[in-house]
file entry30.csv (CSV, C-alpha atoms and all ligand atoms)
chain,number,residue,atom,x,y,z
J,430,MET,CA,3.2,2.4,13.5
J,431,LYS,CA,5.8,3.5,15.9
J,432,LYS,CA,8.7,5.6,14.8
J,433,LEU,CA,11.6,3.4,13.6
J,434,THR,CA,15.3,4.4,13.5
J,435,ALA,CA,17.5,4.0,10.5
J,436,ASP,CA,19.2,1.0,12.1
J,437,GLU,CA,15.9,-0.7,12.8
J,438,ILE,CA,14.8,-0.2,9.2
J,439,ARG,CA,18.1,-1.5,7.7
J,440,ALA,CA,18.0,-4.5,10.0
J,441,SER,CA,14.3,-5.3,9.1
J,442,PHE,CA,14.9,-6.3,5.4
J,443,VAL,CA,14.4,-10.0,4.9
J,444,ASN,CA,14.8,-10.3,1.1
J,445,CYS,CA,18.1,-8.6,0.3
J,446,SER,CA,21.7,-8.9,1.5
J,447,LYS,CA,23.0,-7.0,4.5
J,448,GLY,CA,25.2,-5.0,2.2
J,449,VAL,CA,22.2,-3.9,0.1
J,450,ALA,CA,20.2,-3.1,3.3
J,451,GLN,CA,23.1,-1.0,4.6
J,452,ARG,CA,23.5,1.1,1.4
J,453,LEU,CA,19.9,1.7,0.4
J,454,SER,CA,18.5,5.2,0.5
J,455,LEU,CA,16.2,6.0,3.4
J,456,PRO,CA,13.5,8.7,3.4
J,457,ASP,CA,13.6,11.6,5.9
J,458,LEU,CA,12.5,9.6,9.0
J,459,ASP,CA,11.7,12.8,11.0
J,460,ALA,CA,9.3,13.9,8.3
J,461,GLN,CA,7.2,10.8,8.3
J,462,PRO,CA,3.6,10.9,9.7
J,463,TRP,CA,4.2,7.8,11.8
J,464,ASP,CA,0.9,8.0,13.7
J,465,ASP,CA,-0.9,7.7,10.4
J,466,LEU,CA,1.2,5.0,8.8
J,467,ASP,CA,0.4,1.3,8.7
J,468,LEU,CA,3.4,0.8,6.4
J,469,LEU,CA,6.4,3.0,5.5
J,470,GLY,CA,6.9,2.8,1.8
J,471,TRP,CA,9.2,4.7,-0.4
J,472,VAL,CA,10.6,4.7,-3.9
J,473,ASP,CA,14.3,4.6,-4.4
J,474,PRO,CA,15.4,8.1,-5.7
J,475,SER,CA,17.8,6.5,-8.3
J,476,GLY,CA,14.9,5.8,-10.7
J,477,SER,CA,15.9,2.2,-10.8
J,478,GLY,CA,12.3,1.0,-10.2
J,479,THR,CA,13.1,-0.2,-6.7
J,480,SER,CA,10.8,0.5,-3.9
J,481,TYR,CA,10.8,-0.4,-0.2
J,482,LEU,CA,8.1,-1.4,2.2
J,483,VAL,CA,8.6,-1.7,5.9
J,484,THR,CA,5.9,-2.5,8.4
J,485,GLU,CA,5.4,-4.2,11.7
J,486,ARG,CA,4.3,-7.7,12.5
J,487,PRO,CA,3.7,-9.4,15.8
J,488,VAL,CA,6.6,-11.1,17.4
J,489,HIS,CA,6.0,-14.8,17.3
J,490,GLY,CA,4.2,-16.0,20.4
J,491,SER,CA,3.6,-12.5,21.8
J,492,GLU,CA,0.4,-10.5,21.9
J,493,ASP,CA,1.7,-7.0,22.4
J,494,ASP,CA,5.2,-7.0,20.9
J,495,SER,CA,5.8,-6.2,17.2
J,496,GLU,CA,8.9,-6.1,15.2
J,497,PRO,CA,9.7,-4.3,11.9
J,498,ILE,CA,9.9,-6.3,8.7
J,499,GLY,CA,11.0,-4.9,5.4
J,500,PHE,CA,11.0,-5.9,1.7
J,501,VAL,CA,12.8,-4.7,-1.3
J,502,LEU,CA,10.3,-4.5,-4.2
J,503,ARG,CA,10.8,-4.2,-7.9
J,504,ALA,CA,8.2,-2.1,-9.6
J,505,SER,CA,7.0,-2.6,-13.1
J,506,LYS,CA,4.4,-0.1,-14.3
J,507,GLY,CA,1.3,-1.3,-16.0
J,508,SER,CA,2.2,-2.3,-19.6
J,509,GLY,CA,-1.2,-1.4,-21.0
J,510,VAL,CA,-1.9,-5.1,-21.7
J,511,LYS,CA,-2.9,-5.6,-18.1
J,512,ARG,CA,-4.8,-2.6,-17.0
J,513,GLN,CA,-5.3,-3.4,-13.4
J,514,SER,CA,-5.8,-0.1,-11.6
J,515,MET,CA,-6.7,-1.0,-8.0
J,516,CYS,CA,-4.2,-1.3,-5.2
J,517,SER,CA,-4.5,-4.7,-3.6
J,518,LEU,CA,-3.8,-3.4,-0.2
J,519,CYS,CA,-5.8,-0.2,0.2
J,520,LEU,CA,-8.2,-0.8,-2.7
J,521,THR,CA,-7.6,2.7,-4.0
J,522,VAL,CA,-8.5,3.0,-7.7
J,523,HIS,CA,-5.7,4.6,-9.8
J,524,SER,CA,-5.0,5.4,-13.4
J,525,SER,CA,-2.7,2.7,-14.7
J,526,SER,CA,0.4,4.9,-14.2
J,527,ASP,CA,-0.2,5.3,-10.5
J,528,VAL,CA,-0.4,1.6,-9.7
J,529,ALA,CA,2.5,-0.8,-10.2
J,530,LEU,CA,3.1,-4.5,-10.1
J,531,MET,CA,5.5,-4.8,-7.2
J,532,THR,CA,7.4,-8.0,-6.8
J,533,ALA,CA,9.6,-9.1,-3.9
J,534,ALA,CA,12.4,-11.7,-4.2
J,535,ARG,CA,11.6,-14.5,-1.8
J,536,PRO,CA,13.7,-14.7,1.3
J,537,GLY,CA,16.6,-17.2,1.4
J,538,ALA,CA,17.7,-19.6,-1.3
J,539,ALA,CA,14.4,-19.4,-3.3
J,540,GLY,CA,14.9,-15.7,-3.8
J,541,ARG,CA,18.6,-16.1,-4.7
J,542,ALA,CA,17.4,-18.6,-7.3
J,543,GLY,CA,15.2,-15.9,-8.8
J,544,ASN,CA,11.8,-16.7,-7.3
J,545,SER,CA,9.6,-13.8,-6.4
J,546,ARG,CA,6.1,-12.9,-5.4
J,547,GLY,CA,4.1,-9.8,-5.9
J,548,ASN,CA,0.9,-7.8,-6.4
J,549,TYR,CA,-0.5,-4.6,-7.6
J,550,LEU,CA,0.2,-1.7,-5.2
J,551,CYS,CA,-0.1,2.1,-5.2
J,552,ALA,CA,3.1,3.1,-7.1
J,553,ASP,CA,4.0,5.6,-4.3
J,554,LEU,CA,3.1,3.1,-1.5
J,555,GLY,CA,1.0,5.9,0.0
J,556,CYS,CA,-1.8,3.4,1.0
J,557,SER,CA,-1.9,4.6,4.6
J,558,LEU,CA,-2.5,8.2,3.5
J,559,TYR,CA,-5.1,7.3,0.8
J,560,VAL,CA,-7.3,5.3,3.2
J,561,ARG,CA,-7.2,8.2,5.7
J,562,GLY,CA,-8.0,10.8,3.1
J,563,LEU,CA,-4.7,12.5,3.7
J,564,ARG,CA,-3.6,12.1,0.1
J,565,GLN,CA,-6.0,12.3,-2.8
J,566,PRO,CA,-5.7,9.9,-5.8
J,567,ALA,CA,-6.0,11.4,-9.2
J,568,ARG,CA,-9.1,9.3,-10.1
J,569,VAL,CA,-12.6,9.6,-8.6
J,570,GLN,CA,-13.2,6.7,-6.3
J,571,PRO,CA,-16.1,4.3,-6.4
J,572,HIS,CA,-18.6,5.3,-3.7
J,573,GLU,CA,-18.1,3.3,-0.5
J,574,THR,CA,-20.3,3.6,2.6
J,575,ILE,CA,-17.7,2.3,5.0
J,576,THR,CA,-15.9,4.6,7.5
J,577,ARG,CA,-12.3,5.6,7.5
J,578,GLU,CA,-11.8,3.4,10.4
J,579,VAL,CA,-13.0,0.4,8.6
J,580,LYS,CA,-10.9,1.2,5.6
J,581,VAL,CA,-7.8,1.4,7.9
J,582,MET,CA,-8.8,-2.0,9.3
J,583,ARG,CA,-9.1,-3.4,5.8
J,584,LEU,CA,-5.7,-2.1,4.8
J,585,ARG,CA,-4.1,-3.6,7.9
J,586,SER,CA,-5.7,-7.0,7.3
J,587,ASN,CA,-4.7,-7.0,3.6
J,588,LEU,CA,-1.2,-5.9,4.6
J,589,THR,CA,-0.8,-8.6,7.2
J,590,GLU,CA,-1.8,-11.2,4.6
J,591,PHE,CA,0.6,-9.7,2.0
J,592,VAL,CA,3.5,-9.6,4.4
J,593,GLU,CA,3.0,-13.2,5.5
J,594,ARG,CA,2.9,-14.3,1.9
J,595,LEU,CA,6.1,-12.4,1.0
J,596,ALA,CA,7.9,-13.6,4.2
J,597,GLN,CA,7.5,-17.3,3.4
J,598,GLU,CA,10.7,-18.8,2.3
G,601,ZN,ZN,-2.5,1.3,-1.9

call {"tool": "encode", "arguments": {"input": "entry30.csv", "output": "structure tokens"}}
result
Amino acid sequence: MKKLTADEIRASFVNCSKGVAQRLSLPDLDAQPWDDLDLLGWVDPSGSGTSYLVTERPVHGSEDDSEPIGFVLRASKGSGVKRQSMCSLCLTVHSSSDVALMTAARPGAAGRAGNSRGNYLCADLGCSLYVRGLRQPARVQPHETITREVKVMRLRSNLTEFVERLAQE
């Protein structure tokens, strides 16, 4: 994705108030490997279980233009009852502590009424790095014969679907 500024990121959040978006902690934007990212994801340093996911989606009606869209996510780690260990975006297999159920409040009135949607994601939101082999998961992965390129395409396709689902009011 293309490098985003702090202002662009703060303006991209669709499921929190402007005040929350203004105050939330951003990662070091100059240190991000933007060329290798399909999404920018980070965990709030407060330890509150909040994570953030920002990606790009096509501007409605345009083929080349994209705009950033961001979500505040609440992470709950695997409780041991539900031992899902695969990220639904990048399909990386994790031990249960490295995958989290991430839920996003729905945008608008539904979200304010407490409705949310979510899925199991890499707890560190490092999906882009896992599919490119730039970060190694702790667990041995099932053998796949597909190339890195195909894995990236698969991540992007899953991400597009996920973002559209979260963005619906
Ligand atoms: Zn992932």

call {"tool": "residues_around", "arguments": {"input": "entry30.csv", "residues": "Lys580 of chain J", "least_positions_apart": "6", "cutoff": "10 Å", "atoms": "only C-alpha atoms", "output": "MDAnalysis selection string"}}
result
chainID J and resid 519:520 557 559:561 573 586

call {"tool": "residues_near_point", "arguments": {"input": "entry30.csv", "point": "(-2.0, -5.9, -0.2)", "cutoff": "10 Å", "atoms": "all atoms listed in the file", "output": "list in words"}}
result
Cys516, Ser517, Leu518, Cys519, Leu520, Gly547, Asn548, Tyr549, Leu550, Cys551, Cys556, Arg583, Leu584, Arg585, Ser586, Asn587, Leu588, Thr589, Glu590, Phe591, Val592 and Arg594 of chain J

call {"tool": "atom_distance", "arguments": {"input": "entry30.csv", "atom1": "atom CA of Asp465 of chain J", "atom2": "atom CA of Met430 of chain J"}}
result
7.4 Å

call {"tool": "axis_aligned_box", "arguments": {"input": "entry30.csv", "around": "segment 451-458 of chain J", "padding_each_side": "5 Å", "output": "AutoDock Vina command-line options"}}
result
--center_x 18.0 --center_y 5.3 --center_z 4.7 --size_x 21.0 --size_y 22.6 --size_z 18.6

call {"tool": "atom_distance", "arguments": {"input": "entry30.csv", "atom1": "atom CA of Glu437 of chain J", "atom2": "atom CA of Val483 of chain J"}}
result
10.1 Å

call {"tool": "residues_around", "arguments": {"input": "entry30.csv", "residues": "Thr484 of chain J", "least_positions_apart": "3", "cutoff": "12 Å", "atoms": "only C-alpha atoms", "output": "PyMOL selection string"}}
result
chain J and resi 430-433+437-438+441-443+463+466-471+481+487+495-500+554+557+585+588-589+591-593

call {"tool": "atom_distance", "arguments": {"input": "entry30.csv", "atom1": "atom CA of Ser475 of chain J", "atom2": "atom CA of Ser454 of chain J"}}
result
8.9 Å

call {"tool": "residues_near_point", "arguments": {"input": "entry30.csv", "point": "(7.5, 3.0, -10.0)", "cutoff": "6 Å", "atoms": "all atoms listed in the file", "output": "list of chain:residue names"}}
result
J:Gly478, J:Ala504, J:Ala552

call {"tool": "residues_around", "arguments": {"input": "entry30.csv", "residues": "Ser524 of chain J", "least_positions_apart": "2", "cutoff": "6 Å", "atoms": "all atoms listed in the file", "output": "list in words"}}
result
Ser514, Ser526 and Asp527 of chain J

call {"tool": "write_last_selection", "arguments": {"input": "entry30.csv", "atoms": "C-alpha atoms", "output": "CSV table (one decimal), in the coordinates of the input"}}
result
chain,number,residue,atom,x,y,z
J,514,SER,CA,-5.8,-0.1,-11.6
J,526,SER,CA,0.4,4.9,-14.2
J,527,ASP,CA,-0.2,5.3,-10.5

call {"tool": "residues_around", "arguments": {"input": "entry30.csv", "residues": "Val449 of chain J", "least_positions_apart": "4", "cutoff": "9 Å", "atoms": "all atoms listed in the file", "output": "PyMOL selection string"}}
result
chain J and resi 439+445+453

call {"tool": "closest_residue", "arguments": {"input": "entry30.csv", "among": "J:Gln565, J:Gln570, J:Ser545, J:Thr576", "to": "Asn444 of chain J", "atoms": "all atoms listed in the file"}}
result
J:Ser545

call {"tool": "closest_residue", "arguments": {"input": "entry30.csv", "among": "J:Ser446, J:Thr532, J:Gln597, J:Thr521", "to": "ligand ZN 601 (chain G)", "atoms": "only C-alpha atoms and all ligand atoms"}}
result
J:Thr521

call {"tool": "closest_residue", "arguments": {"input": "entry30.csv", "among": "J:Asp459, J:Asp553, J:Asp473, J:Glu485", "to": "ligand ZN 601 (chain G)", "atoms": "only C-alpha atoms and all ligand atoms"}}
result
J:Asp553

call {"tool": "closest_residue", "arguments": {"input": "entry30.csv", "among": "J:Pro566, J:Gly537, J:Pro462, J:Gly448", "to": "ligand ZN 601 (chain G)", "atoms": "only C-alpha atoms and all ligand atoms"}}
result
J:Pro566
